[in-house]
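Asks: After the structure tokens below, expect a handful of questions from me.
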Amino acid sequence: MKDSQRRLVFSQLRMATEVWQGVEKDPMPADRWLARYFFQNRKKVGSRDRKFLSETIYAVFRHKSFLEVWVEKARPRPIMNDLEKAECLCLYAAAKERLVSKEDFCEFFKQSGKVYAALQEHLLPEGGGPKSKGEMVALFYSFPLWLVQRWAATFGVLETERLVAFFQQRPLLVLRANTLRISRKKLVDMFRRLGVEANQTTRSYFGLILQERRNVFDTPAFRDGWFEVQDEGSQMVCQKMDPQPGESIWDVCAGGGGKSLLLAAMMENKGRIVATDLRSYKLEELKKRAKRAGVFNIFPAELERMADLKLARRGFDRILVDAPCSGTGTLGRNPDAKWKLTPSWFETLPKEQLAILEKALPYLAENGRLYYATCSVEAAENEDVAKAFLSAHPELEIIPCGESGETFFKLWPPESGTDGFFLAVFKKINKDQKAGNKTWKKR
């Protein structure tokens, strides 16, 4: 039995090495890459393999710098090629996640028990530490040094360390009750009857946190549309919008539709939500999710044909621009993204975000509200964009939306325990517009 189990682990590590070498170099997000890999290899990769591969790959991304130091320090041979380094990296990641036992690590893989213990305790090897505080933070918490230095200059070293330490933790699973199907309390009770500890979120009225990771997608409750996976911060953006039944809303960058679905539930399926996105495949995903959730007031549309829609010509009561961004507020859930960021993103993204706001504004009704949201902690993508947009449009006023009356709503992950989010709210107030600006009046 032990030999067969070891052969299984060895086979899984071989697959993990193959997957790591592919996903590391691909710009595609790791979750999409893995989903495609599992689908393409569904006949040979079972549920146990998928769990092992997912947890190992995400552990490598989450602890990459830390693990690389140990690979360099404890490598079995003086010279290792790329394949051998990848194999060792995946082995150490699996050991850190306890997917490989200490006995197998030592006996079957011929590794040191001291290394296994150090991986568990997250201890750097002797003499492997960096020279500066910034280098130590980057190495210990496995973040790109340039990003740590950037944040240290903005937030200070101590606050930066708090942020990256939070992101290094494996996040709990946050769900949102679909109130069109079930109340949050009944959903919490359902999970507890199944033996899964679930607690209501403290900020969102719709969320619950599972205290242990479970495959919730393979349950009748999920198939019947009782809940969706959605971070509490994302839910809070919708809660701040406070949509009313019967209103018209445009979700400009809808993506997979997580916020559209919550807005629809808050509107009790009354009114209309137009959902657009440059990625058409995302809207196909939204259609499937809406059907499962029992939502029928979301209408996916082609972005370039907005001017043809009668509803758009009348003007929307609310427009949500959940803009494409660096995603620096979500690096706990998406640890692969921190290795794919580049400093140039923070120069190009604000221009794109402003351009999207400019395209959306003409379709806002008088007295309508435009919501600008990102899942970034970067001022360049948040406050700076909001202020630049406001200064260019005297027909707009800013509506304070912070928890204590601040101008902007911001979630700082180490304090909120959520992803990082930013929200600014603009209201169209003036009838007399700047020359050349197109204005739609609510009729």
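Just so we're on the same page: first chain in the structure tokens is A, next is B, and so on; residues restart at 1 for each chain, and ligands are numbered from 1 in the order they show up.
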Would you give me, as a tab-separated table (two decimals) with N, CA and C atoms, in the first residue's frame, the residues in range 307-443 of chain A that DSSP reads as helix (DSSP H, G or I)?

Replies:
chain	number	residue	atom	x	y	z
A	307	ALA	N	-24.69	52.48	-28.72
A	307	ALA	CA	-25.45	53.63	-29.22
A	307	ALA	C	-26.74	53.22	-29.91
A	308	ASP	N	-26.86	51.94	-30.29
A	308	ASP	CA	-28.07	51.46	-30.96
A	308	ASP	C	-29.16	51.05	-29.98
A	310	LYS	N	-31.97	51.40	-27.33
A	310	LYS	CA	-32.92	52.42	-26.92
A	310	LYS	C	-32.71	52.80	-25.45
A	311	LEU	N	-32.45	51.79	-24.63
A	311	LEU	CA	-32.23	52.04	-23.20
A	311	LEU	C	-31.01	52.92	-22.99
A	312	ALA	N	-29.96	52.68	-23.77
A	312	ALA	CA	-28.75	53.49	-23.64
A	312	ALA	C	-28.99	54.92	-24.09
A	313	ARG	N	-29.78	55.09	-25.13
A	313	ARG	CA	-30.07	56.44	-25.61
A	313	ARG	C	-30.87	57.24	-24.58
A	314	ARG	N	-31.68	56.56	-23.79
A	314	ARG	CA	-32.43	57.26	-22.73
A	314	ARG	C	-31.51	57.66	-21.59
A	328	THR	N	-3.74	44.42	-7.90
A	328	THR	CA	-2.85	44.32	-6.75
A	328	THR	C	-3.60	44.10	-5.44
A	329	GLY	N	-4.90	44.31	-5.44
A	329	GLY	CA	-5.68	44.04	-4.24
A	329	GLY	C	-6.07	42.58	-4.09
A	330	THR	N	-5.82	41.79	-5.13
A	330	THR	CA	-6.28	40.39	-5.12
A	330	THR	C	-5.12	39.40	-5.16
A	335	PRO	N	-1.93	34.53	-6.58
A	335	PRO	CA	-0.50	34.76	-6.33
A	335	PRO	C	0.35	34.72	-7.58
A	336	ASP	N	-0.14	34.12	-8.66
A	336	ASP	CA	0.62	34.11	-9.91
A	336	ASP	C	0.75	35.50	-10.50
A	337	ALA	N	-0.26	36.35	-10.23
A	337	ALA	CA	-0.30	37.67	-10.87
A	337	ALA	C	0.85	38.56	-10.43
A	338	LYS	N	1.37	38.37	-9.20
A	338	LYS	CA	2.44	39.26	-8.73
A	338	LYS	C	3.72	39.07	-9.54
A	339	TRP	N	3.90	37.88	-10.12
A	339	TRP	CA	5.10	37.62	-10.91
A	339	TRP	C	4.94	38.05	-12.36
A	345	TRP	N	2.89	48.78	-16.21
A	345	TRP	CA	1.43	48.68	-16.09
A	345	TRP	C	0.85	49.93	-15.43
A	346	PHE	N	1.56	50.47	-14.44
A	346	PHE	CA	1.03	51.59	-13.69
A	346	PHE	C	1.12	52.91	-14.46
A	347	GLU	N	1.73	52.86	-15.63
A	347	GLU	CA	1.75	54.02	-16.52
A	347	GLU	C	0.66	53.90	-17.59
A	348	THR	N	0.44	52.69	-18.09
A	348	THR	CA	-0.52	52.49	-19.18
A	348	THR	C	-1.95	52.30	-18.69
A	349	LEU	N	-2.14	51.61	-17.57
A	349	LEU	CA	-3.49	51.31	-17.11
A	349	LEU	C	-4.33	52.55	-16.80
A	350	PRO	N	-3.80	53.57	-16.09
A	350	PRO	CA	-4.63	54.76	-15.83
A	350	PRO	C	-5.18	55.41	-17.09
A	351	LYS	N	-4.40	55.40	-18.16
A	351	LYS	CA	-4.89	55.98	-19.42
A	351	LYS	C	-6.07	55.16	-19.96
A	352	GLU	N	-5.95	53.85	-19.88
A	352	GLU	CA	-7.04	52.98	-20.34
A	352	GLU	C	-8.28	53.15	-19.46
A	353	GLN	N	-8.07	53.29	-18.16
A	353	GLN	CA	-9.20	53.44	-17.24
A	353	GLN	C	-9.94	54.75	-17.48
A	354	LEU	N	-9.19	55.81	-17.71
A	354	LEU	CA	-9.83	57.10	-18.03
A	354	LEU	C	-10.59	57.02	-19.35
A	355	ALA	N	-10.03	56.33	-20.31
A	355	ALA	CA	-10.69	56.20	-21.62
A	355	ALA	C	-12.02	55.47	-21.48
A	356	ILE	N	-12.08	54.45	-20.64
A	356	ILE	CA	-13.34	53.71	-20.44
A	356	ILE	C	-14.37	54.61	-19.76
A	357	LEU	N	-13.94	55.37	-18.77
A	357	LEU	CA	-14.86	56.31	-18.11
A	357	LEU	C	-15.42	57.32	-19.10
A	358	GLU	N	-14.56	57.82	-19.98
A	358	GLU	CA	-15.01	58.81	-20.97
A	358	GLU	C	-16.05	58.21	-21.92
A	359	LYS	N	-15.87	56.96	-22.29
A	359	LYS	CA	-16.82	56.31	-23.19
A	359	LYS	C	-18.14	56.01	-22.51
A	360	ALA	N	-18.10	55.79	-21.21
A	360	ALA	CA	-19.32	55.45	-20.48
A	360	ALA	C	-20.15	56.67	-20.12
A	361	LEU	N	-19.51	57.78	-19.82
A	361	LEU	CA	-20.19	58.97	-19.32
A	361	LEU	C	-21.35	59.46	-20.19
A	362	PRO	N	-21.23	59.51	-21.53
A	362	PRO	CA	-22.34	60.03	-22.34
A	362	PRO	C	-23.65	59.27	-22.15
A	363	TYR	N	-23.60	58.07	-21.64
A	363	TYR	CA	-24.81	57.26	-21.48
A	363	TYR	C	-25.38	57.32	-20.07
A	383	GLU	N	-7.31	56.96	-6.76
A	383	GLU	CA	-7.58	58.38	-6.51
A	383	GLU	C	-7.14	59.25	-7.67
A	384	ASP	N	-5.98	58.97	-8.26
A	384	ASP	CA	-5.48	59.82	-9.34
A	384	ASP	C	-6.40	59.80	-10.55
A	385	VAL	N	-6.91	58.63	-10.89
A	385	VAL	CA	-7.84	58.52	-12.02
A	385	VAL	C	-9.15	59.25	-11.71
A	386	ALA	N	-9.66	59.04	-10.51
A	386	ALA	CA	-10.93	59.68	-10.12
A	386	ALA	C	-10.81	61.20	-10.15
A	387	LYS	N	-9.71	61.72	-9.63
A	387	LYS	CA	-9.53	63.18	-9.60
A	387	LYS	C	-9.34	63.75	-11.00
A	388	ALA	N	-8.60	63.04	-11.85
A	388	ALA	CA	-8.39	63.51	-13.21
A	388	ALA	C	-9.71	63.53	-13.98
A	389	PHE	N	-10.52	62.51	-13.78
A	389	PHE	CA	-11.82	62.43	-14.46
A	389	PHE	C	-12.75	63.54	-13.98
A	390	LEU	N	-12.76	63.77	-12.68
A	390	LEU	CA	-13.63	64.81	-12.12
A	390	LEU	C	-13.21	66.19	-12.61
A	391	SER	N	-11.92	66.45	-12.66
A	391	SER	CA	-11.45	67.78	-13.09
A	391	SER	C	-11.77	68.06	-14.55
A	413	PRO	N	-6.55	45.36	2.64
A	413	PRO	CA	-6.66	43.95	3.00
A	413	PRO	C	-6.25	43.58	4.42
A	414	PRO	N	-5.10	44.07	4.95
A	414	PRO	CA	-4.73	43.65	6.32
A	414	PRO	C	-5.75	44.07	7.37
A	415	GLU	N	-6.52	45.14	7.08
A	415	GLU	CA	-7.52	45.61	8.04
A	415	GLU	C	-8.89	45.01	7.78
A	416	SER	N	-9.27	44.91	6.51
A	416	SER	CA	-10.62	44.45	6.17
A	416	SER	C	-10.72	42.93	6.11

Asks: Can you list, as a VMD selection string, every residue of range 77-295 of chain A that DSSP puts in strand (DSSP E or B)?

Replies: chain A and resid 173 to 177 198 to 200 207 to 210 227 to 229 248 to 251 272 to 275

Asks: Any chance you can output those residues with C-alpha atoms as a CSV table (one decimal), in the first residue's frame?

Replies:
chain,number,residue,atom,x,y,z
A,173,LEU,CA,-13.4,30.7,0.7
A,174,VAL,CA,-16.0,33.5,0.6
A,175,LEU,CA,-19.5,32.8,-0.9
A,176,ARG,CA,-22.5,35.0,-1.7
A,177,ALA,CA,-26.0,33.8,-1.0
A,198,ALA,CA,-19.8,28.8,7.9
A,199,ASN,CA,-20.0,32.3,9.3
A,200,GLN,CA,-21.7,35.4,8.0
A,207,GLY,CA,-21.7,36.9,2.2
A,208,LEU,CA,-20.5,33.9,4.2
A,209,ILE,CA,-17.1,32.5,4.9
A,210,LEU,CA,-16.3,28.8,5.0
A,227,PHE,CA,-24.7,30.7,-4.1
A,228,GLU,CA,-21.7,32.1,-6.0
A,229,VAL,CA,-18.1,32.5,-5.1
A,248,SER,CA,-31.6,50.7,-15.5
A,249,ILE,CA,-27.9,49.8,-15.0
A,250,TRP,CA,-25.0,49.4,-17.3
A,251,ASP,CA,-22.2,47.1,-16.1
A,272,ARG,CA,-32.6,46.1,-16.5
A,273,ILE,CA,-28.9,45.5,-16.3
A,274,VAL,CA,-27.0,45.8,-19.6
A,275,ALA,CA,-23.7,43.8,-19.4

Asks: Name the residues in contact with range 27-38 of chain A at a cut-off of 8 Å, using only C-alpha atoms, excluding same-chain residues fewer than 5 positions from it; report them as a list in words.

Replies: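 So the residues in contact are Val45, Arg50, Ser54, Asn334, Asp336, Ala337 and Lys340 of chain A.
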
Asks: Save out the residues we just selected, N, CA and C atoms, as a compact mmCIF listing (two decimals), in the first residue's frame.

Replies:
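Contents of result.txt, as written:
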# COMPACT_ATOMS: atom_id res chain seq x y z
N VAL A 45 -6.51 12.80 -15.74
CA VAL A 45 -6.30 13.56 -14.51
C VAL A 45 -7.57 13.50 -13.67
N ARG A 50 -6.16 16.57 -9.57
CA ARG A 50 -6.46 18.00 -9.73
C ARG A 50 -6.19 18.75 -8.43
N SER A 54 -3.32 21.58 -8.28
CA SER A 54 -3.73 22.96 -7.98
C SER A 54 -3.02 23.48 -6.75
N ASN A 334 -4.77 35.44 -6.14
CA ASN A 334 -4.13 35.22 -7.43
C ASN A 334 -2.62 35.42 -7.30
N ASP A 336 -0.14 34.12 -8.66
CA ASP A 336 0.62 34.11 -9.91
C ASP A 336 0.75 35.50 -10.50
N ALA A 337 -0.26 36.35 -10.23
CA ALA A 337 -0.30 37.67 -10.87
C ALA A 337 0.85 38.56 -10.43
N LYS A 340 3.72 38.43 -12.74
CA LYS A 340 3.47 38.85 -14.12
C LYS A 340 3.28 40.36 -14.24

Asks: Which residues are near Lys102 in chain A? Cut-off 9 Å, only C-alpha atoms, ignore same chain within fewer than 6 positions. Put them as a count of residues only.

Replies: 4

Asks: Please determine, counting only C-alpha atoms, which residue among A:Arg48, A:Arg213, A:His63, A:Lys133 has the shortest atom-to-atom distance to Ser11 in chain A.

Replies: A:Arg48

Asks: Would you write out, as CSV, a table of all residues in range 248-319 of chain A that have an atom no more than 10 Å from an atom of range 236-240 of chain A, listing for each the closest atom pair and the distance in Å to one decimal, considering only C-alpha atoms and ordering rows by chain and rising residue number?

Replies:
residue,atom,partner,partner_atom,distance
A:Gly258,CA,A:Cys238,CA,9.8
A:Lys259,CA,A:Cys238,CA,6.4
A:Ser260,CA,A:Cys238,CA,8.6
A:Leu261,CA,A:Cys238,CA,9.8
A:Leu262,CA,A:Cys238,CA,7.0
A:Leu263,CA,A:Cys238,CA,6.3
A:Met266,CA,A:Gln239,CA,8.6

Asks: Counting only C-alpha atoms, which of A:Glu24, A:Glu304, A:Glu159, A:Glu247 gets nearest to Ile319 in chain A?

Replies: A:Glu247

Asks: Measuring between only C-alpha atoms, which one of A:Glu103, A:Glu68, A:Asp322, A:Asp317 shows the shortest distance to Lys85 in chain A?

Replies: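 The answer is A:Glu68, which sits nearest to Lys85 in chain A.
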
Asks: Using only C-alpha atoms, which residues sit within 6 Å of range 365-371 of chain A once same-chain residues fewer than 2 positions away are excluded, as a list in words?

Replies: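 Returned residues: Gly315, Phe316, Asp317, Arg318, Ile319, Leu320, Val321, Ala424, Val425, Phe426, Lys427, Lys428, Ile429, Trp440, Lys441 and Lys442 of chain A.
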
Asks: Determine the nearest neighbour of Leu411 in chain A from the options A:Arg192, A:Arg14, A:Arg203, A:Lys114, counting only C-alpha atoms.

Replies: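 Closest residue, counting only C-alpha atoms: A:Arg203.
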
Asks: Counting only C-alpha atoms, figure out which residue out of A:Ser376, A:Asn269, A:Gln12, A:Ser280 gets nearest to Arg181 in chain A.

Replies: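 Smallest distance to Arg181 in chain A is found for A:Asn269.
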
Asks: So that I can check the surroundings of Gln168 in chain A, please list as a compact mmCIF listing (two decimals) with N, CA and C atoms, in the first residue's frame every protein, DNA and RNA residue that reaches within 7 Å of it, counting only C-alpha atoms and ignoring chain neighbours fewer than 5 positions away.

Replies:
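Listing of out-v2.txt after writing:
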# COMPACT_ATOMS: atom_id res chain seq x y z
N ARG A 62 2.86 31.18 -4.57
CA ARG A 62 2.72 31.92 -3.32
C ARG A 62 4.07 32.06 -2.59
N TYR A 141 8.44 36.84 2.10
CA TYR A 141 7.04 36.76 1.72
C TYR A 141 6.84 36.48 0.23
N GLY A 332 -3.60 37.87 -2.95
CA GLY A 332 -3.74 36.73 -2.06
C GLY A 332 -4.46 35.58 -2.75

Asks: Would you mind listing what lies within 10 Å of Lys270 in chain A as a short mmCIF file (atom, residue, chain, number, x, y, z; two decimals) with C-alpha atoms, in the first residue's frame, with only C-alpha atoms counted and same-chain residues fewer than 4 positions away left out?

Replies:
data_model
loop_
_atom_site.label_atom_id
_atom_site.label_comp_id
_atom_site.auth_asym_id
_atom_site.auth_seq_id
_atom_site.Cartn_x
_atom_site.Cartn_y
_atom_site.Cartn_z
CA GLN A 244 -33.34 49.88 -6.67
CA PRO A 245 -35.89 47.58 -8.34
CA GLY A 246 -36.92 48.96 -11.72
CA GLU A 247 -33.77 50.97 -12.38
CA SER A 248 -31.59 50.72 -15.48
CA ALA A 264 -29.86 41.70 -10.19
CA ALA A 265 -30.64 39.96 -6.90
CA MET A 266 -30.68 43.29 -5.05
CA VAL A 295 -31.71 35.92 -13.03
CA PHE A 296 -33.58 37.24 -16.05
CA ASN A 297 -33.04 41.02 -16.00
CA ILE A 298 -29.43 40.91 -17.27
#

Asks: Just to confirm, what's the straight-line distance from CA of Leu364 in chain A to CA of Ile398 in chain A in Å (one decimal)?

Replies: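 Separation of CA of Leu364 in chain A and CA of Ile398 in chain A: 14.6 Å.
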